[in-house]
Amino acid sequence: MASEISQQHQLHVFIFPVTAQGHIIPMINIARLFAARGVKTTIISTPINAITLSKTIDQDKLSGLDINIQTIPFPAVEVGLPEGTESVTQLASPDMMPKFFLAVGMLQQPFEKLLEEYRPDFVVADMFLAWTTEAAAKFGIPRLIFHGTNIFSQCVAESLRINKPFESIINDEESFLVPGLPDNIEMTLSQVPEHIKKETDSLFCVVAEKIRISEQKSYGVLVNSFYELESAYADHYKNSVGIRAWQIGPVSLRNNDTLDKAERGKESSIEEHSVLKWLDSKKPNSVIYVSFGSMSKIPNDQLTEIATGLEESGCSFIWVVRKMMTDKEEKFLPEGFEERMEGNGLIIREWAPQVLILDHPAVGGFMTHCGWNSILESITAGVPMITWPMFAEQFYNEKFVTQVLKIGNTVGAEEWKEWVETTNVSVIKEEKISKAVTQLMNDDGEENKEMRKRVIELSEKAKRAVKEDGSSNVQLTALIEELKMSKKQNINIDKELDFIGY
Ligand code: UDP
């Protein structure tokens, strides 16, 4: 009887990530955080992604967590995408995006069936699944949004959308201030996303508007960051933008042993122990880690400049290379590069165990495309950055790192791109790359020392945030308690209705 009552009061959550690693990885960790708090957790996934996830989730189940995966087929063929497509990274060109979004929209019906069958108490769904707010509401279920980014960038985007400070700017390189924010944030016209500059009927504009409306109608936002990192923006978001948010990160701290850190997202292209052995042979803070996330595709001419810039800097490096889909031939490395770099540089093709690498004491810098997970993982590891934003909200994230937190230097990227392949963007030359690396890694000046000190302090705060009395842990508890309370009230209302014969 007691267990029946406790089952009746046990919360059940549906976690629904969209099919891109930068969103799936943190959402799986969020799922595991809920499960570890005794919440029955069901991850909604597409079949191929589910195979990758099941390794981690099976392990969690063995350790006693109430966590499961429920699959929904991804209608790739039905919309004209190649069979087996489930992820944005598999799309060969931006022309395929409308089809991809069409397929994502077709997940609504099977998702509603699952809602009807299992009646979870709440849903946490990726921002790109805007229709989940409405779908969940049909069954009286609250939906929380996961944007995959921080609150700072949400505040910047909202200010740009409302105030349009760029409207009087003519030159692409001219900078302007983003109004109404807790800090003076400066950016240039060419760094502003196209769909913010011009409201059109383009796919991105339509999708962005749907996301905005679904956010307003949702229960609130779950954020992978921690209060101390962006407190002024968390307060601004709540008071000025008017949306409730729970900061429960860094969720990568959920991956707390070597295997768990190595197996996030995809299988690594390199055995984790061989990377660790390589790093063990290096001095503290002597290696720069260069990686541009799970989606970016860099053209050959830019890869050549990176190779030359890294060689020129003389620093040890780990460089994760994923090439453009159309650049089949591997002809970007300068003649004899790999032989010359032997022992000094490690190239990892496709997928690296990123958190494991960043956490190693030999790593002293991260050249990053400014995806939010990468930045937060770098902060958590206490590693300063060289920022090289490319698309999505990455330019906002760069400003957060360089202008607010002051824990990184920019490489000097200027042009926002709509798509993950950085074609038609000016190539960043080797001199700039080598200068940025040498400045971060070899300069012993006061400014650099202060920057390292700041990022280490933030790293300590990040780790404290997920401790028992830490802010992220407390916010997660508050959310769970609130949802439990609302479940209890609903049960009581149902009982009363039963009692009076409804
Ligand atoms: N990642 C990884 N190995 C790689 C590339 C990426 O583990 O070789 C992980 C990285 O740790 C992060 C995520 O993939 O958690 C990328 O997310 P981010 O927000 O940084 O960028 P996105 O891929 O979404 O552009």
# chains A, B, ... in the order shown; residues from 1 in each chain; ligands from 1
>>> residues_around(residues="Leu276 of chain A", least_positions_apart="5", cutoff="12 Å", atoms="only C-alpha atoms", output="list in words")
Thr258, Ala262, Ile270, Glu271, Ser281, Lys282, Ile318, Leu346, Ala352, Pro353, Gln354, Val355, Leu356, Ile357, Leu358, Asp359, His360, Pro361, Ala362 and Val363 of chain A
>>> residues_near_ligand(ligand="ligand 1", cutoff="9 Å", atoms="only C-alpha atoms and all ligand atoms", output="PyMOL selection string")
chain A and resi 20-26+148-149+252+261-269+291-296+320-322+348-356+368-377+391-392+394+420
>>> residues_around(residues="Glu305 of chain A", least_positions_apart="6", cutoff="9 Å", atoms="only C-alpha atoms", output="list in words")
Phe332, Val427, Ile428, Lys429, Glu430, Glu431 and Ile433 of chain A
>>> write_last_selection(atoms="C-alpha atoms", output="CSV table (one decimal), in the first residue's frame")
chain,number,residue,atom,x,y,z
A,332,PHE,CA,44.4,20.3,-46.4
A,427,VAL,CA,39.3,32.8,-44.2
A,428,ILE,CA,41.1,33.6,-40.9
A,429,LYS,CA,44.8,33.7,-41.8
A,430,GLU,CA,47.5,31.7,-40.1
A,431,GLU,CA,49.1,34.8,-38.6
A,433,ILE,CA,45.6,32.0,-35.5
>>> residues_around(residues="Asn448 of chain A", least_positions_apart="6", cutoff="12 Å", atoms="only C-alpha atoms", output="list in words")
Gly364, Gly365, Val383, Pro384, Met385, Lys406, Ile407, Gly408, Asn409, Thr438, Gln439, Leu440, Met441, Asn442, Arg454 and Val455 of chain A
>>> residues_around(residues="segment 412-419 of chain A", least_positions_apart="3", cutoff="7 Å", atoms="only C-alpha atoms", output="count of residues only")
11
>>> closest_residue(among="A:Tyr118, A:Leu259, A:Lys432, A:Gln109", to="Thr56 of chain A", atoms="only C-alpha atoms")
A:Leu259
>>> decode(residues="segment 161-271 of chain A", atoms="C-alpha atoms", output="PDB file, in the first residue's frame")
ATOM      1  CA  ARG A 161      14.717  41.673 -31.591  1.00  0.00           C
ATOM      2  CA  ILE A 162      12.896  44.425 -29.717  1.00  0.00           C
ATOM      3  CA  ASN A 163      15.301  47.374 -29.951  1.00  0.00           C
ATOM      4  CA  LYS A 164      16.922  46.707 -33.356  1.00  0.00           C
ATOM      5  CA  PRO A 165      19.978  48.831 -32.479  1.00  0.00           C
ATOM      6  CA  PHE A 166      21.625  47.794 -35.760  1.00  0.00           C
ATOM      7  CA  GLU A 167      19.041  49.542 -37.931  1.00  0.00           C
ATOM      8  CA  SER A 168      20.992  52.784 -38.143  1.00  0.00           C
ATOM      9  CA  ILE A 169      24.278  50.973 -38.878  1.00  0.00           C
ATOM     10  CA  ILE A 170      25.475  50.949 -42.475  1.00  0.00           C
ATOM     11  CA  ASN A 171      28.892  49.307 -42.409  1.00  0.00           C
ATOM     12  CA  ASP A 172      29.224  45.639 -41.582  1.00  0.00           C
ATOM     13  CA  GLU A 173      32.298  46.248 -39.426  1.00  0.00           C
ATOM     14  CA  GLU A 174      30.763  49.113 -37.454  1.00  0.00           C
ATOM     15  CA  SER A 175      30.089  48.205 -33.863  1.00  0.00           C
ATOM     16  CA  PHE A 176      27.054  49.094 -31.756  1.00  0.00           C
ATOM     17  CA  LEU A 177      25.915  48.521 -28.178  1.00  0.00           C
ATOM     18  CA  VAL A 178      23.141  46.057 -27.327  1.00  0.00           C
ATOM     19  CA  PRO A 179      20.741  48.182 -25.240  1.00  0.00           C
ATOM     20  CA  GLY A 180      19.110  47.489 -21.910  1.00  0.00           C
ATOM     21  CA  LEU A 181      21.474  44.810 -20.620  1.00  0.00           C
ATOM     22  CA  PRO A 182      23.364  44.690 -17.311  1.00  0.00           C
ATOM     23  CA  ASP A 183      26.707  45.205 -19.177  1.00  0.00           C
ATOM     24  CA  ASN A 184      27.831  47.171 -22.220  1.00  0.00           C
ATOM     25  CA  ILE A 185      27.823  44.518 -24.927  1.00  0.00           C
ATOM     26  CA  GLU A 186      29.387  45.499 -28.207  1.00  0.00           C
ATOM     27  CA  MET A 187      28.988  43.704 -31.509  1.00  0.00           C
ATOM     28  CA  THR A 188      29.130  44.423 -35.229  1.00  0.00           C
ATOM     29  CA  LEU A 189      26.405  44.260 -37.847  1.00  0.00           C
ATOM     30  CA  SER A 190      27.956  41.276 -39.662  1.00  0.00           C
ATOM     31  CA  GLN A 191      27.843  39.253 -36.435  1.00  0.00           C
ATOM     32  CA  VAL A 192      24.058  39.608 -36.064  1.00  0.00           C
ATOM     33  CA  PRO A 193      22.037  36.588 -37.265  1.00  0.00           C
ATOM     34  CA  GLU A 194      20.180  37.232 -40.529  1.00  0.00           C
ATOM     35  CA  HIS A 195      16.774  36.293 -39.085  1.00  0.00           C
ATOM     36  CA  ILE A 196      17.202  38.967 -36.388  1.00  0.00           C
ATOM     37  CA  LYS A 197      18.278  41.637 -38.899  1.00  0.00           C
ATOM     38  CA  LYS A 198      15.350  41.109 -41.243  1.00  0.00           C
ATOM     39  CA  GLU A 199      11.948  39.702 -40.440  1.00  0.00           C
ATOM     40  CA  THR A 200      11.075  37.653 -43.516  1.00  0.00           C
ATOM     41  CA  ASP A 201       9.189  34.467 -44.242  1.00  0.00           C
ATOM     42  CA  SER A 202      12.469  32.509 -44.343  1.00  0.00           C
ATOM     43  CA  LEU A 203      12.548  29.164 -42.549  1.00  0.00           C
ATOM     44  CA  PHE A 204      14.739  30.531 -39.748  1.00  0.00           C
ATOM     45  CA  CYS A 205      12.409  33.484 -39.115  1.00  0.00           C
ATOM     46  CA  VAL A 206       9.347  31.260 -39.039  1.00  0.00           C
ATOM     47  CA  VAL A 207      11.007  28.713 -36.743  1.00  0.00           C
ATOM     48  CA  ALA A 208      12.392  31.451 -34.434  1.00  0.00           C
ATOM     49  CA  GLU A 209       8.912  32.982 -34.071  1.00  0.00           C
ATOM     50  CA  LYS A 210       7.336  29.591 -33.319  1.00  0.00           C
ATOM     51  CA  ILE A 211       9.969  28.983 -30.646  1.00  0.00           C
ATOM     52  CA  ARG A 212       9.326  32.401 -29.103  1.00  0.00           C
ATOM     53  CA  ILE A 213       5.579  31.865 -28.900  1.00  0.00           C
ATOM     54  CA  SER A 214       5.951  28.355 -27.509  1.00  0.00           C
ATOM     55  CA  GLU A 215       8.348  29.700 -24.883  1.00  0.00           C
ATOM     56  CA  GLN A 216       5.821  32.309 -23.735  1.00  0.00           C
ATOM     57  CA  LYS A 217       3.176  29.617 -23.307  1.00  0.00           C
ATOM     58  CA  SER A 218       5.477  27.122 -21.645  1.00  0.00           C
ATOM     59  CA  TYR A 219       5.991  26.439 -17.934  1.00  0.00           C
ATOM     60  CA  GLY A 220       9.515  27.843 -18.102  1.00  0.00           C
ATOM     61  CA  VAL A 221      13.025  27.190 -19.246  1.00  0.00           C
ATOM     62  CA  LEU A 222      15.648  24.703 -18.058  1.00  0.00           C
ATOM     63  CA  VAL A 223      19.135  26.106 -18.476  1.00  0.00           C
ATOM     64  CA  ASN A 224      22.496  24.397 -18.526  1.00  0.00           C
ATOM     65  CA  SER A 225      24.384  27.056 -16.579  1.00  0.00           C
ATOM     66  CA  PHE A 226      24.563  28.113 -12.937  1.00  0.00           C
ATOM     67  CA  TYR A 227      23.269  31.197 -11.150  1.00  0.00           C
ATOM     68  CA  GLU A 228      26.671  32.574 -10.079  1.00  0.00           C
ATOM     69  CA  LEU A 229      27.885  32.545 -13.686  1.00  0.00           C
ATOM     70  CA  GLU A 230      25.231  34.909 -15.038  1.00  0.00           C
ATOM     71  CA  SER A 231      23.235  36.129 -12.054  1.00  0.00           C
ATOM     72  CA  ALA A 232      22.600  39.619 -13.488  1.00  0.00           C
ATOM     73  CA  TYR A 233      21.196  38.065 -16.677  1.00  0.00           C
ATOM     74  CA  ALA A 234      19.129  35.485 -14.784  1.00  0.00           C
ATOM     75  CA  ASP A 235      17.515  38.342 -12.843  1.00  0.00           C
ATOM     76  CA  HIS A 236      17.077  40.414 -16.019  1.00  0.00           C
ATOM     77  CA  TYR A 237      15.438  37.471 -17.808  1.00  0.00           C
ATOM     78  CA  LYS A 238      13.008  36.936 -14.961  1.00  0.00           C
ATOM     79  CA  ASN A 239      12.168  40.585 -14.345  1.00  0.00           C
ATOM     80  CA  SER A 240      12.366  42.147 -17.806  1.00  0.00           C
ATOM     81  CA  VAL A 241      11.694  39.296 -20.222  1.00  0.00           C
ATOM     82  CA  GLY A 242       9.279  37.691 -17.757  1.00  0.00           C
ATOM     83  CA  ILE A 243      10.146  34.038 -18.236  1.00  0.00           C
ATOM     84  CA  ARG A 244      10.824  31.596 -15.412  1.00  0.00           C
ATOM     85  CA  ALA A 245      14.106  29.756 -15.660  1.00  0.00           C
ATOM     86  CA  TRP A 246      15.844  27.096 -13.596  1.00  0.00           C
ATOM     87  CA  GLN A 247      19.638  26.965 -13.920  1.00  0.00           C
ATOM     88  CA  ILE A 248      20.684  23.430 -13.125  1.00  0.00           C
ATOM     89  CA  GLY A 249      24.157  23.058 -14.635  1.00  0.00           C
ATOM     90  CA  PRO A 250      26.862  22.432 -15.505  1.00  0.00           C
ATOM     91  CA  VAL A 251      25.168  19.178 -16.450  1.00  0.00           C
ATOM     92  CA  SER A 252      28.439  17.759 -17.839  1.00  0.00           C
ATOM     93  CA  LEU A 253      29.454  17.268 -14.188  1.00  0.00           C
ATOM     94  CA  ARG A 254      26.968  14.388 -14.248  1.00  0.00           C
ATOM     95  CA  ASN A 255      29.662  12.558 -16.290  1.00  0.00           C
ATOM     96  CA  ASN A 256      31.962  11.824 -13.423  1.00  0.00           C
ATOM     97  CA  ASP A 257      34.138   8.882 -14.357  1.00  0.00           C
ATOM     98  CA  THR A 258      36.530   8.325 -17.266  1.00  0.00           C
ATOM     99  CA  LEU A 259      34.232   5.985 -19.187  1.00  0.00           C
ATOM    100  CA  ASP A 260      31.173   8.152 -18.694  1.00  0.00           C
ATOM    101  CA  LYS A 261      33.122  11.241 -19.804  1.00  0.00           C
ATOM    102  CA  ALA A 262      34.487   9.410 -22.837  1.00  0.00           C
ATOM    103  CA  GLU A 263      31.173   7.997 -24.004  1.00  0.00           C
ATOM    104  CA  ARG A 264      29.147  11.199 -24.215  1.00  0.00           C
ATOM    105  CA  GLY A 265      27.318  11.685 -27.485  1.00  0.00           C
ATOM    106  CA  LYS A 266      29.199   9.462 -29.882  1.00  0.00           C
ATOM    107  CA  GLU A 267      31.884   6.861 -29.747  1.00  0.00           C
ATOM    108  CA  SER A 268      35.290   8.579 -29.767  1.00  0.00           C
ATOM    109  CA  SER A 269      37.506   8.162 -32.803  1.00  0.00           C
ATOM    110  CA  ILE A 270      40.421   7.598 -30.436  1.00  0.00           C
ATOM    111  CA  GLU A 271      40.785   5.282 -27.473  1.00  0.00           C
TER     112      GLU A 271
END
